[in-house]
Amino acid sequence: EGAALEFDFGAVVEGVHEPVQQAGQAAGLAAPDRDGLGVEVFGDGTIQVVSDDNRLYFLNAGSRSLDPVDCQGYSIQQIYRTGPDNCFYLTPDNQLLDASFSPWCTIRQDATVRSVIRDAEGGTWVLTDRGIYRDGRLSAEIPAFCGALIDGALYIGSSGGEVLCYQDMQLTTLPTQLASDITFIAKVPGLPEMLIGSDRRGLEIHNLADGSRRYVPLVNTSDEESSFTCLSDTRGNLWIYSTRGSLYWYDKEAQRPVPFLESAITSLMADRQGNLWIGSTWGGLERVIFQEDNFRFRSIDGSGQMSPRNNVRALVQEQSGWILAATRDGRVHAFDDNLNERTTWFTRAPGYAITIAHDGKIWVGTKGAGLTEIAH
């Protein structure tokens, strides 16, 4: 289903990119009333899609169609993966189903599920803003906003600066110097430390070896910032960012976050080479080549101004190493290692998610046109 678009695309021949006059198509796989909201690629290559009408679909690569999944009569609102081939499904009435679509846990109606995570002992935790569930049972009536499994211990961020630690079948409280909601917990690569971040301009450095802790403020933030989160790249760098503004690089030696970029960030991705790619609402696509202590900027339309073409909504690295960026004007741009734009594809609607299937095919989740395959 869906209209086919004709376009020219490029090919790589013996390492040289040359334009090829050839017809391709972007096949819109969803019906007009089916907006794909979530796409999950499992370890075996299976792709599942959740639509805005709370239906679950299986991507049939052979027929290039979305086939309905028999969910035993349940509507599906969200997929939570707990492993390469393990997942849970959340229904609109807050029923959590296991992989066979059997009821596994009932979440209170006024709660919002923030995460589903497994501990070192194989137990499954459901973190919500109204309570914490373990193996399908309510464990504590306190809010939980994030979780991380670090060195065999499960750390859970709660409200008022509280952090819980589950290890050896015991749930204890970890004291912090923070006073607001904990929005991320991350291990510092190569060091016995973890970062505990809050939504009010500060984080704590917790030493896992001796239990010491130190509060570090985040400078140059504003009241309009959204909650901060943390990303680790392949070179062991930690990046702390808000989707409404600030981006920090964590200096492990100085033990402090260094202000790096102030922009309206919409997406952040670390590629396999350790480069950091940043999508923003006004500046287009930016790349950080950290090992060269160099910052590279790429304005897609050349103006550097706020525009739909510079509004990058999703990023992914293609198998050849190229970076694909979906922009709000309904295009997908392909950039090589030197930030040269090699080709552009058009989709029926703006792309908000991109994934690469095991066979190398590119799939774009759009706003209003369902799931789209880009033939290349």
# chains A, B, ... in the order shown; residues from 1 in each chain; ligands from 1
call {"tool": "closest_atom_pairs", "arguments": {"of": "region 177-232 of chain A", "to": "region 120-138 of chain A", "cutoff": "12 Å", "atoms": "only C-alpha atoms", "output": "tab-separated table"}}
result
residue	atom	partner	partner_atom	distance
A:Asp181	CA	A:Asp129	CA	10.4
A:Ile182	CA	A:Asp129	CA	11.5
A:Thr183	CA	A:Asp129	CA	11.5
call {"tool": "write_last_selection", "arguments": {"atoms": "N, CA, C and O atoms", "output": "tab-separated table (two decimals), in the first residue's frame"}}
result
chain	number	residue	atom	x	y	z
A	181	ASP	N	14.23	15.01	41.19
A	181	ASP	CA	14.04	13.71	40.55
A	181	ASP	C	15.32	13.24	39.85
A	181	ASP	O	15.99	14.02	39.16
A	182	ILE	N	15.64	11.96	40.02
A	182	ILE	CA	16.80	11.37	39.36
A	182	ILE	C	16.37	10.91	37.97
A	182	ILE	O	15.48	10.08	37.82
A	183	THR	N	17.00	11.47	36.93
A	183	THR	CA	16.57	11.18	35.56
A	183	THR	C	17.56	10.32	34.78
A	183	THR	O	17.23	9.84	33.70
call {"tool": "residues_around", "arguments": {"residues": "region 200-212 of chain A", "least_positions_apart": "4", "cutoff": "9 Å", "atoms": "only C-alpha atoms", "output": "VMD selection string"}}
result
chain A and resid 176 to 182 191 to 196 216 to 223 225 227 to 228 255 to 256
call {"tool": "write_last_selection", "arguments": {"atoms": "N, CA and C atoms", "output": "short mmCIF file (atom, residue, chain, number, x, y, z; two decimals), in the first residue's frame"}}
result
data_model
loop_
_atom_site.label_atom_id
_atom_site.label_comp_id
_atom_site.auth_asym_id
_atom_site.auth_seq_id
_atom_site.Cartn_x
_atom_site.Cartn_y
_atom_site.Cartn_z
N THR A 176 22.33 10.40 48.46
CA THR A 176 22.89 11.33 47.48
C THR A 176 22.77 12.75 48.02
N GLN A 177 23.40 13.68 47.34
CA GLN A 177 23.32 15.08 47.70
C GLN A 177 22.37 15.83 46.80
N LEU A 178 21.57 15.11 46.04
CA LEU A 178 20.62 15.72 45.12
C LEU A 178 19.25 15.85 45.79
N ALA A 179 18.47 16.81 45.31
CA ALA A 179 17.19 17.07 45.96
C ALA A 179 16.01 16.95 45.01
N SER A 180 16.24 16.65 43.75
CA SER A 180 15.15 16.56 42.79
C SER A 180 15.13 15.19 42.13
N ASP A 181 14.23 15.01 41.19
CA ASP A 181 14.04 13.71 40.55
C ASP A 181 15.32 13.24 39.85
N ILE A 182 15.64 11.96 40.02
CA ILE A 182 16.80 11.37 39.36
C ILE A 182 16.37 10.91 37.97
N LEU A 191 36.29 3.49 34.97
CA LEU A 191 36.50 3.96 36.34
C LEU A 191 35.44 3.37 37.26
N PRO A 192 35.76 3.21 38.55
CA PRO A 192 34.76 2.69 39.50
C PRO A 192 33.83 3.80 39.97
N GLU A 193 33.21 4.48 39.01
CA GLU A 193 32.35 5.62 39.32
C GLU A 193 31.07 5.55 38.50
N MET A 194 30.03 6.15 39.04
CA MET A 194 28.81 6.32 38.26
C MET A 194 28.31 7.74 38.45
N LEU A 195 27.63 8.22 37.40
CA LEU A 195 27.03 9.54 37.43
C LEU A 195 25.55 9.39 37.73
N ILE A 196 25.06 10.22 38.64
CA ILE A 196 23.65 10.25 38.99
C ILE A 196 23.15 11.64 38.65
N VAL A 216 28.18 18.05 41.60
CA VAL A 216 28.74 18.91 40.55
C VAL A 216 27.58 19.64 39.87
N PRO A 217 27.58 20.96 39.86
CA PRO A 217 26.49 21.69 39.21
C PRO A 217 26.63 21.68 37.69
N LEU A 218 25.52 21.82 36.99
CA LEU A 218 25.52 22.01 35.55
C LEU A 218 25.34 23.50 35.29
N VAL A 219 26.30 24.11 34.62
CA VAL A 219 26.25 25.55 34.40
C VAL A 219 25.59 25.86 33.06
N ASN A 220 25.17 27.10 32.92
CA ASN A 220 24.58 27.61 31.68
C ASN A 220 23.30 26.89 31.28
N THR A 221 22.51 26.46 32.26
CA THR A 221 21.21 25.86 31.96
C THR A 221 20.12 26.90 32.15
N SER A 222 18.92 26.57 31.69
CA SER A 222 17.78 27.47 31.84
C SER A 222 16.59 26.71 32.38
N ASP A 223 15.58 27.45 32.82
CA ASP A 223 14.38 26.83 33.36
C ASP A 223 13.58 26.10 32.29
N GLU A 225 14.88 24.02 30.14
CA GLU A 225 15.51 22.74 29.82
C GLU A 225 14.59 21.58 30.19
N SER A 227 14.33 17.34 31.04
CA SER A 227 15.16 16.48 31.89
C SER A 227 16.42 16.05 31.16
N PHE A 228 17.51 15.95 31.90
CA PHE A 228 18.78 15.55 31.30
C PHE A 228 18.89 14.02 31.24
N GLN A 255 36.67 15.28 36.53
CA GLN A 255 35.41 14.93 37.20
C GLN A 255 34.40 16.07 37.15
N ARG A 256 34.18 16.55 35.95
CA ARG A 256 33.19 17.63 35.81
C ARG A 256 32.63 17.62 34.38
#
call {"tool": "residues_around", "arguments": {"residues": "Asp233 (chain A)", "least_positions_apart": "4", "cutoff": "9 Å", "atoms": "only C-alpha atoms", "output": "ChimeraX atom specification"}}
result
/A:237-239,269-272,274-276
call {"tool": "residues_around", "arguments": {"residues": "Leu56 (chain A)", "least_positions_apart": "4", "cutoff": "10 Å", "atoms": "only C-alpha atoms", "output": "list in words"}}
result
Gly36, Gly38, Val39, Gln48, Val49, Val50, Ser51, Asp52, Leu66, Asp67, Pro68, Val69, Asp70, Cys71, Tyr74, Ser75, Ile76, Gln77, Gln78, Ile79 and Tyr89 of chain A
call {"tool": "write_last_selection", "arguments": {"atoms": "C-alpha atoms", "output": "PDB file, in the first residue's frame"}}
result
ATOM      1  CA  GLY A  36       3.784   4.049  12.905  1.00  0.00           C
ATOM      2  CA  GLY A  38       7.354   2.586  17.423  1.00  0.00           C
ATOM      3  CA  VAL A  39       9.707   0.249  15.582  1.00  0.00           C
ATOM      4  CA  GLN A  48       7.622  -5.119  14.851  1.00  0.00           C
ATOM      5  CA  VAL A  49       5.722  -1.852  14.518  1.00  0.00           C
ATOM      6  CA  VAL A  50       3.242  -0.227  16.917  1.00  0.00           C
ATOM      7  CA  SER A  51       0.751   2.164  15.308  1.00  0.00           C
ATOM      8  CA  ASP A  52      -1.087   5.102  16.825  1.00  0.00           C
ATOM      9  CA  LEU A  66       2.734  -4.793   7.455  1.00  0.00           C
ATOM     10  CA  ASP A  67       0.938  -7.926   8.612  1.00  0.00           C
ATOM     11  CA  PRO A  68      -1.228  -7.712  11.756  1.00  0.00           C
ATOM     12  CA  VAL A  69       0.035  -9.659  14.771  1.00  0.00           C
ATOM     13  CA  ASP A  70      -2.468 -11.714  16.747  1.00  0.00           C
ATOM     14  CA  CYS A  71      -2.250 -10.116  20.182  1.00  0.00           C
ATOM     15  CA  TYR A  74      -5.245  -6.860  23.260  1.00  0.00           C
ATOM     16  CA  SER A  75      -4.385  -3.395  21.985  1.00  0.00           C
ATOM     17  CA  ILE A  76      -0.684  -2.533  22.161  1.00  0.00           C
ATOM     18  CA  GLN A  77       0.637   0.875  23.119  1.00  0.00           C
ATOM     19  CA  GLN A  78       4.361   0.261  23.640  1.00  0.00           C
ATOM     20  CA  ILE A  79       7.075  -2.386  23.296  1.00  0.00           C
ATOM     21  CA  TYR A  89       3.971  -5.221  25.632  1.00  0.00           C
TER      22      TYR A  89
END
call {"tool": "atom_distance", "arguments": {"atom1": "CA of Thr46 (chain A)", "atom2": "CA of Ala357 (chain A)"}}
result
8.5 Å
call {"tool": "closest_residue", "arguments": {"among": "A:Pro257, A:Asp44, A:Asp98, A:Ile150", "to": "Asp359 (chain A)", "atoms": "only C-alpha atoms"}}
result
A:Asp44
call {"tool": "atom_distance", "arguments": {"atom1": "CA of Thr82 (chain A)", "atom2": "CA of Leu247 (chain A)"}}
result
28.0 Å
call {"tool": "closest_residue", "arguments": {"among": "A:Asp168, A:Asp151, A:Glu373, A:Glu162", "to": "Lys187 (chain A)", "atoms": "only C-alpha atoms"}}
result
A:Asp151
call {"tool": "atom_distance", "arguments": {"atom1": "CA of Tyr241 (chain A)", "atom2": "CA of Arg81 (chain A)"}}
result
23.5 Å
call {"tool": "select_by_dssp", "arguments": {"residues": "region 98-341 of chain A", "states": "strand (DSSP E)", "output": "short mmCIF file (atom, residue, chain, number, x, y, z; two decimals) with N, CA and C atoms, in the first residue's frame"}}
result
data_model
loop_
_atom_site.label_atom_id
_atom_site.label_comp_id
_atom_site.auth_asym_id
_atom_site.auth_seq_id
_atom_site.Cartn_x
_atom_site.Cartn_y
_atom_site.Cartn_z
N PRO A 103 -1.27 -11.93 30.13
CA PRO A 103 -1.14 -10.91 31.18
C PRO A 103 -0.02 -11.27 32.15
N TRP A 104 0.87 -10.34 32.40
CA TRP A 104 2.01 -10.57 33.27
C TRP A 104 1.98 -9.67 34.50
N CYS A 105 1.48 -8.43 34.32
CA CYS A 105 1.45 -7.49 35.43
C CYS A 105 0.42 -6.41 35.14
N THR A 106 -0.32 -5.99 36.16
CA THR A 106 -1.28 -4.91 36.03
C THR A 106 -0.73 -3.68 36.73
N VAL A 113 4.59 4.21 32.75
CA VAL A 113 5.74 3.30 32.75
C VAL A 113 6.94 4.02 32.15
N ARG A 114 8.04 4.05 32.89
CA ARG A 114 9.27 4.72 32.43
C ARG A 114 10.28 3.73 31.85
N SER A 115 10.31 2.51 32.38
CA SER A 115 11.31 1.56 31.91
C SER A 115 10.95 0.16 32.37
N VAL A 116 11.41 -0.83 31.61
CA VAL A 116 11.35 -2.23 32.02
C VAL A 116 12.77 -2.77 31.90
N ILE A 117 13.32 -3.29 33.00
CA ILE A 117 14.73 -3.66 33.03
C ILE A 117 14.91 -4.93 33.84
N ARG A 118 15.93 -5.72 33.51
CA ARG A 118 16.22 -6.96 34.23
C ARG A 118 17.42 -6.77 35.14
N THR A 124 12.63 -9.23 36.63
CA THR A 124 12.19 -8.16 35.75
C THR A 124 11.53 -7.06 36.57
N TRP A 125 11.99 -5.84 36.37
CA TRP A 125 11.50 -4.68 37.10
C TRP A 125 10.75 -3.75 36.16
N VAL A 126 9.62 -3.26 36.62
CA VAL A 126 8.85 -2.27 35.88
C VAL A 126 8.90 -0.98 36.69
N LEU A 127 9.47 0.06 36.09
CA LEU A 127 9.64 1.33 36.78
C LEU A 127 8.57 2.31 36.30
N THR A 128 7.77 2.82 37.22
CA THR A 128 6.72 3.78 36.88
C THR A 128 6.82 4.98 37.81
N ILE A 132 7.12 0.80 41.91
CA ILE A 132 8.10 -0.12 41.34
C ILE A 132 7.57 -1.54 41.46
N TYR A 133 7.60 -2.28 40.36
CA TYR A 133 7.12 -3.65 40.33
C TYR A 133 8.29 -4.57 40.03
N ARG A 134 8.35 -5.71 40.73
CA ARG A 134 9.35 -6.74 40.44
C ARG A 134 8.66 -8.06 40.21
N ARG A 137 4.83 -8.05 40.66
CA ARG A 137 4.22 -7.64 41.91
C ARG A 137 4.74 -6.27 42.35
N LEU A 138 3.85 -5.48 42.96
CA LEU A 138 4.25 -4.17 43.46
C LEU A 138 5.27 -4.33 44.58
N SER A 139 6.45 -3.72 44.39
CA SER A 139 7.52 -3.85 45.37
C SER A 139 7.63 -2.64 46.28
N ALA A 140 7.39 -1.45 45.72
CA ALA A 140 7.49 -0.22 46.51
C ALA A 140 6.61 0.85 45.87
N CYS A 146 14.24 6.05 36.21
CA CYS A 146 15.30 5.48 35.39
C CYS A 146 15.93 4.31 36.14
N GLY A 147 16.67 3.48 35.42
CA GLY A 147 17.35 2.36 36.04
C GLY A 147 18.59 1.99 35.25
N ALA A 148 19.58 1.40 35.93
CA ALA A 148 20.81 0.97 35.26
C ALA A 148 21.40 -0.20 36.03
N LEU A 149 21.85 -1.21 35.27
CA LEU A 149 22.51 -2.36 35.86
C LEU A 149 24.02 -2.13 35.78
N ILE A 150 24.67 -1.96 36.94
CA ILE A 150 26.08 -1.62 36.99
C ILE A 150 26.80 -2.57 37.94
N ALA A 153 24.74 -4.77 40.23
CA ALA A 153 23.73 -4.11 41.08
C ALA A 153 22.78 -3.31 40.21
N LEU A 154 21.51 -3.31 40.57
CA LEU A 154 20.51 -2.53 39.86
C LEU A 154 20.25 -1.25 40.64
N TYR A 155 20.51 -0.13 39.98
CA TYR A 155 20.28 1.18 40.59
C TYR A 155 19.03 1.80 39.97
N ILE A 156 18.17 2.35 40.80
CA ILE A 156 16.90 2.92 40.37
C ILE A 156 16.80 4.36 40.86
N GLY A 157 16.55 5.29 39.94
CA GLY A 157 16.42 6.69 40.29
C GLY A 157 14.98 7.03 40.64
N VAL A 163 18.00 7.31 45.45
CA VAL A 163 18.43 6.23 44.57
C VAL A 163 18.34 4.92 45.36
N LEU A 164 17.71 3.92 44.74
CA LEU A 164 17.61 2.60 45.34
C LEU A 164 18.64 1.68 44.71
N CYS A 165 19.12 0.74 45.50
CA CYS A 165 20.10 -0.24 45.01
C CYS A 165 19.60 -1.64 45.35
N TYR A 166 19.46 -2.48 44.31
CA TYR A 166 19.05 -3.87 44.53
C TYR A 166 20.23 -4.78 44.20
N GLN A 167 20.66 -5.53 45.22
CA GLN A 167 21.77 -6.46 45.05
C GLN A 167 21.68 -7.55 46.11
N GLN A 170 18.49 -7.86 48.16
CA GLN A 170 18.16 -6.81 49.11
C GLN A 170 18.01 -5.48 48.40
N LEU A 171 17.00 -4.70 48.82
CA LEU A 171 16.74 -3.37 48.27
C LEU A 171 17.10 -2.33 49.33
N THR A 172 18.11 -1.52 49.05
CA THR A 172 18.56 -0.52 50.01
C THR A 172 18.53 0.85 49.36
N THR A 173 18.68 1.88 50.21
CA THR A 173 18.71 3.26 49.74
C THR A 173 20.14 3.77 49.68
N LEU A 174 20.47 4.40 48.56
CA LEU A 174 21.80 4.98 48.37
C LEU A 174 21.71 6.48 48.63
N ILE A 182 15.64 11.96 40.02
CA ILE A 182 16.80 11.37 39.36
C ILE A 182 16.37 10.91 37.97
N THR A 183 17.00 11.47 36.93
CA THR A 183 16.57 11.18 35.56
C THR A 183 17.56 10.32 34.78
N PHE A 184 18.80 10.14 35.27
CA PHE A 184 19.68 9.18 34.62
C PHE A 184 20.73 8.69 35.60
N ILE A 185 21.16 7.45 35.39
CA ILE A 185 22.25 6.83 36.14
C ILE A 185 23.14 6.15 35.11
N ALA A 186 24.44 6.44 35.13
CA ALA A 186 25.33 5.90 34.11
C ALA A 186 26.69 5.55 34.72
N LYS A 187 27.25 4.44 34.28
CA LYS A 187 28.59 4.02 34.70
C LYS A 187 29.63 4.83 33.91
N GLU A 193 33.21 4.48 39.01
CA GLU A 193 32.35 5.62 39.32
C GLU A 193 31.07 5.55 38.50
N MET A 194 30.03 6.15 39.04
CA MET A 194 28.81 6.32 38.26
C MET A 194 28.31 7.74 38.45
N LEU A 195 27.63 8.22 37.40
CA LEU A 195 27.03 9.54 37.43
C LEU A 195 25.55 9.39 37.73
N ILE A 196 25.06 10.22 38.64
CA ILE A 196 23.65 10.25 38.99
C ILE A 196 23.15 11.64 38.65
N GLY A 197 22.22 11.74 37.71
CA GLY A 197 21.77 13.04 37.22
C GLY A 197 20.35 13.35 37.65
N SER A 198 20.10 14.63 37.89
CA SER A 198 18.76 15.08 38.26
C SER A 198 18.23 16.02 37.20
N GLY A 202 22.00 19.66 38.20
CA GLY A 202 23.15 19.12 38.91
C GLY A 202 23.24 17.61 38.80
N LEU A 203 24.43 17.08 39.08
CA LEU A 203 24.63 15.64 39.10
C LEU A 203 25.60 15.29 40.22
N GLU A 204 25.63 14.01 40.55
CA GLU A 204 26.51 13.54 41.60
C GLU A 204 27.45 12.48 41.05
N ILE A 205 28.70 12.55 41.45
CA ILE A 205 29.69 11.53 41.10
C ILE A 205 29.81 10.60 42.29
N HIS A 206 29.45 9.34 42.08
CA HIS A 206 29.46 8.36 43.17
C HIS A 206 30.57 7.35 42.93
N ASN A 207 31.51 7.24 43.89
CA ASN A 207 32.61 6.29 43.78
C ASN A 207 32.13 4.93 44.27
N ARG A 213 31.12 10.54 47.53
CA ARG A 213 30.29 11.18 46.52
C ARG A 213 30.58 12.69 46.49
N ARG A 214 30.32 13.28 45.33
CA ARG A 214 30.57 14.70 45.16
C ARG A 214 29.54 15.30 44.24
N TYR A 215 28.97 16.43 44.64
CA TYR A 215 27.98 17.13 43.83
C TYR A 215 28.67 18.05 42.84
N VAL A 216 28.18 18.05 41.60
CA VAL A 216 28.74 18.91 40.55
C VAL A 216 27.58 19.64 39.87
N PRO A 217 27.58 20.96 39.86
CA PRO A 217 26.49 21.69 39.21
C PRO A 217 26.63 21.68 37.69
N PHE A 228 17.51 15.95 31.90
CA PHE A 228 18.78 15.55 31.30
C PHE A 228 18.89 14.02 31.24
N THR A 229 19.60 13.57 30.23
CA THR A 229 19.89 12.15 30.11
C THR A 229 21.35 11.99 29.70
N CYS A 230 21.80 10.75 29.56
CA CYS A 230 23.22 10.50 29.34
C CYS A 230 23.42 9.47 28.22
N LEU A 231 24.43 9.70 27.39
CA LEU A 231 24.77 8.79 26.29
C LEU A 231 26.25 8.46 26.37
N SER A 232 26.59 7.20 26.17
CA SER A 232 27.98 6.75 26.14
C SER A 232 28.35 6.38 24.71
N LEU A 238 31.27 10.15 27.87
CA LEU A 238 29.90 10.32 28.34
C LEU A 238 29.41 11.70 27.94
N TRP A 239 28.20 11.74 27.39
CA TRP A 239 27.59 12.99 26.96
C TRP A 239 26.29 13.19 27.73
N ILE A 240 26.15 14.33 28.36
CA ILE A 240 24.97 14.66 29.15
C ILE A 240 24.21 15.74 28.38
N TYR A 241 22.92 15.53 28.15
CA TYR A 241 22.21 16.49 27.31
C TYR A 241 20.74 16.60 27.69
N SER A 242 20.19 17.72 27.27
CA SER A 242 18.77 17.99 27.40
C SER A 242 18.21 18.20 26.01
N SER A 246 21.04 22.17 26.33
CA SER A 246 22.46 22.04 26.64
C SER A 246 23.01 20.64 26.36
N LEU A 247 24.28 20.61 25.93
CA LEU A 247 25.02 19.38 25.75
C LEU A 247 26.37 19.52 26.46
N TYR A 248 26.72 18.52 27.29
CA TYR A 248 27.96 18.55 28.03
C TYR A 248 28.77 17.29 27.72
N TRP A 249 30.10 17.45 27.68
CA TRP A 249 31.02 16.32 27.64
C TRP A 249 31.56 16.14 29.05
N TYR A 250 31.55 14.88 29.54
CA TYR A 250 32.03 14.63 30.89
C TYR A 250 33.53 14.38 30.87
N ASP A 251 34.27 15.28 31.54
CA ASP A 251 35.72 15.16 31.66
C ASP A 251 36.02 14.22 32.83
N ARG A 256 34.18 16.55 35.95
CA ARG A 256 33.19 17.63 35.81
C ARG A 256 32.63 17.62 34.38
N PRO A 257 31.38 18.05 34.22
CA PRO A 257 30.81 18.19 32.89
C PRO A 257 31.26 19.50 32.25
N VAL A 258 31.71 19.43 31.02
CA VAL A 258 32.19 20.60 30.29
C VAL A 258 31.11 21.05 29.30
N PRO A 259 30.63 22.30 29.38
CA PRO A 259 29.64 22.77 28.40
C PRO A 259 30.18 22.63 26.99
N PHE A 260 29.38 22.06 26.11
CA PHE A 260 29.86 21.77 24.77
C PHE A 260 29.05 22.47 23.69
N LEU A 261 27.72 22.48 23.83
CA LEU A 261 26.87 23.04 22.78
C LEU A 261 25.56 23.50 23.39
N GLU A 262 25.11 24.67 22.97
CA GLU A 262 23.78 25.15 23.33
C GLU A 262 22.96 25.22 22.06
N ILE A 265 18.42 20.57 20.77
CA ILE A 265 18.75 19.22 20.33
C ILE A 265 17.49 18.37 20.22
N THR A 266 17.36 17.65 19.11
CA THR A 266 16.23 16.74 18.92
C THR A 266 16.65 15.29 18.89
N SER A 267 17.91 15.00 18.55
CA SER A 267 18.38 13.62 18.50
C SER A 267 19.90 13.59 18.67
N LEU A 268 20.38 12.49 19.24
CA LEU A 268 21.81 12.34 19.51
C LEU A 268 22.18 10.88 19.25
N MET A 269 23.30 10.66 18.53
CA MET A 269 23.71 9.30 18.21
C MET A 269 25.22 9.22 18.18
N ALA A 270 25.79 8.12 18.71
CA ALA A 270 27.22 7.85 18.61
C ALA A 270 27.42 6.73 17.60
N LEU A 276 30.22 11.68 17.23
CA LEU A 276 28.92 12.04 17.81
C LEU A 276 28.15 12.87 16.80
N TRP A 277 26.93 12.44 16.50
CA TRP A 277 26.08 13.14 15.54
C TRP A 277 24.92 13.77 16.28
N ILE A 278 24.69 15.05 16.00
CA ILE A 278 23.68 15.83 16.72
C ILE A 278 22.67 16.39 15.73
N GLY A 279 21.40 16.09 15.96
CA GLY A 279 20.33 16.71 15.20
C GLY A 279 19.72 17.83 16.02
N SER A 280 19.46 18.97 15.38
CA SER A 280 18.90 20.10 16.10
C SER A 280 17.80 20.75 15.27
N GLY A 284 20.62 22.03 11.73
CA GLY A 284 20.85 20.91 10.84
C GLY A 284 21.57 19.78 11.53
N LEU A 285 22.60 19.25 10.87
CA LEU A 285 23.33 18.09 11.35
C LEU A 285 24.74 18.49 11.75
N GLU A 286 25.15 18.09 12.94
CA GLU A 286 26.48 18.42 13.43
C GLU A 286 27.21 17.13 13.80
N ARG A 287 28.53 17.12 13.59
CA ARG A 287 29.32 15.95 13.93
C ARG A 287 30.48 16.35 14.83
N VAL A 288 30.69 15.56 15.87
CA VAL A 288 31.81 15.76 16.77
C VAL A 288 32.83 14.65 16.51
N ILE A 289 34.04 15.02 16.08
CA ILE A 289 35.13 14.06 15.92
C ILE A 289 36.01 14.24 17.15
N ASN A 294 38.12 18.17 17.60
CA ASN A 294 37.62 19.04 16.53
C ASN A 294 36.11 18.93 16.45
N PHE A 295 35.46 20.04 16.20
CA PHE A 295 34.01 20.05 16.06
C PHE A 295 33.66 20.41 14.63
N ARG A 296 32.88 19.55 14.00
CA ARG A 296 32.48 19.78 12.61
C ARG A 296 31.00 20.12 12.56
N PHE A 297 30.67 21.15 11.79
CA PHE A 297 29.27 21.59 11.68
C PHE A 297 28.81 21.42 10.24
N ARG A 298 27.59 20.92 10.09
CA ARG A 298 27.05 20.73 8.74
C ARG A 298 25.63 21.27 8.69
N VAL A 312 16.58 18.17 11.93
CA VAL A 312 16.90 16.74 11.87
C VAL A 312 16.14 16.01 12.97
N ARG A 313 15.37 14.99 12.60
CA ARG A 313 14.53 14.27 13.54
C ARG A 313 15.06 12.89 13.91
N ALA A 314 15.88 12.28 13.07
CA ALA A 314 16.36 10.92 13.36
C ALA A 314 17.69 10.70 12.65
N LEU A 315 18.55 9.90 13.28
CA LEU A 315 19.86 9.58 12.73
C LEU A 315 20.13 8.09 12.83
N VAL A 316 20.87 7.56 11.86
CA VAL A 316 21.32 6.18 11.93
C VAL A 316 22.56 6.04 11.05
N GLN A 317 23.42 5.08 11.38
CA GLN A 317 24.61 4.83 10.57
C GLN A 317 24.37 3.62 9.68
N ILE A 323 26.20 8.27 7.32
CA ILE A 323 25.18 8.69 8.28
C ILE A 323 23.94 9.15 7.52
N LEU A 324 22.79 8.61 7.91
CA LEU A 324 21.51 9.00 7.31
C LEU A 324 20.77 9.90 8.29
N ALA A 325 20.28 11.02 7.80
CA ALA A 325 19.57 11.99 8.63
C ALA A 325 18.21 12.28 8.02
N ALA A 326 17.14 12.07 8.80
CA ALA A 326 15.79 12.37 8.35
C ALA A 326 15.41 13.77 8.82
N THR A 327 14.94 14.60 7.89
CA THR A 327 14.58 15.97 8.22
C THR A 327 13.07 16.17 8.11
N ARG A 331 12.59 14.43 3.84
CA ARG A 331 13.74 13.92 3.11
C ARG A 331 14.64 13.10 4.04
N VAL A 332 15.42 12.22 3.45
CA VAL A 332 16.46 11.48 4.15
C VAL A 332 17.76 11.75 3.42
N HIS A 333 18.73 12.34 4.15
CA HIS A 333 20.01 12.73 3.56
C HIS A 333 21.09 11.73 3.95
N ALA A 334 21.97 11.42 3.01
CA ALA A 334 23.09 10.50 3.27
C ALA A 334 24.39 11.29 3.20
N PHE A 335 25.20 11.20 4.29
CA PHE A 335 26.47 11.93 4.37
C PHE A 335 27.62 10.94 4.51
N GLU A 341 27.23 15.56 1.35
CA GLU A 341 25.93 14.93 1.10
C GLU A 341 25.99 14.18 -0.21
#
call {"tool": "closest_residue", "arguments": {"among": "A:Gly330, A:Leu90, A:Thr343, A:Arg64", "to": "Gly365 (chain A)", "atoms": "only C-alpha atoms"}}
result
A:Gly330
call {"tool": "decode", "arguments": {"residues": "region 320-328 of chain A", "atoms": "N, CA and C atoms", "output": "compact mmCIF listing (two decimals), in the first residue's frame"}}
result
# COMPACT_ATOMS: atom_id res chain seq x y z
N SER A 320 27.76 0.94 5.33
CA SER A 320 28.98 1.44 4.71
C SER A 320 29.68 2.48 5.56
N GLY A 321 29.03 2.92 6.64
CA GLY A 321 29.59 3.95 7.49
C GLY A 321 28.97 5.31 7.27
N TRP A 322 28.16 5.45 6.22
CA TRP A 322 27.49 6.72 5.99
C TRP A 322 26.46 6.99 7.08
N ILE A 323 26.20 8.27 7.32
CA ILE A 323 25.18 8.69 8.28
C ILE A 323 23.94 9.15 7.52
N LEU A 324 22.79 8.61 7.91
CA LEU A 324 21.51 9.00 7.31
C LEU A 324 20.77 9.90 8.29
N ALA A 325 20.28 11.02 7.80
CA ALA A 325 19.57 11.99 8.63
C ALA A 325 18.21 12.28 8.02
N ALA A 326 17.14 12.07 8.80
CA ALA A 326 15.79 12.37 8.35
C ALA A 326 15.41 13.77 8.82
N THR A 327 14.94 14.60 7.89
CA THR A 327 14.58 15.97 8.22
C THR A 327 13.07 16.17 8.11
N ARG A 328 12.62 17.28 8.71
CA ARG A 328 11.18 17.51 8.84
C ARG A 328 10.50 17.83 7.52
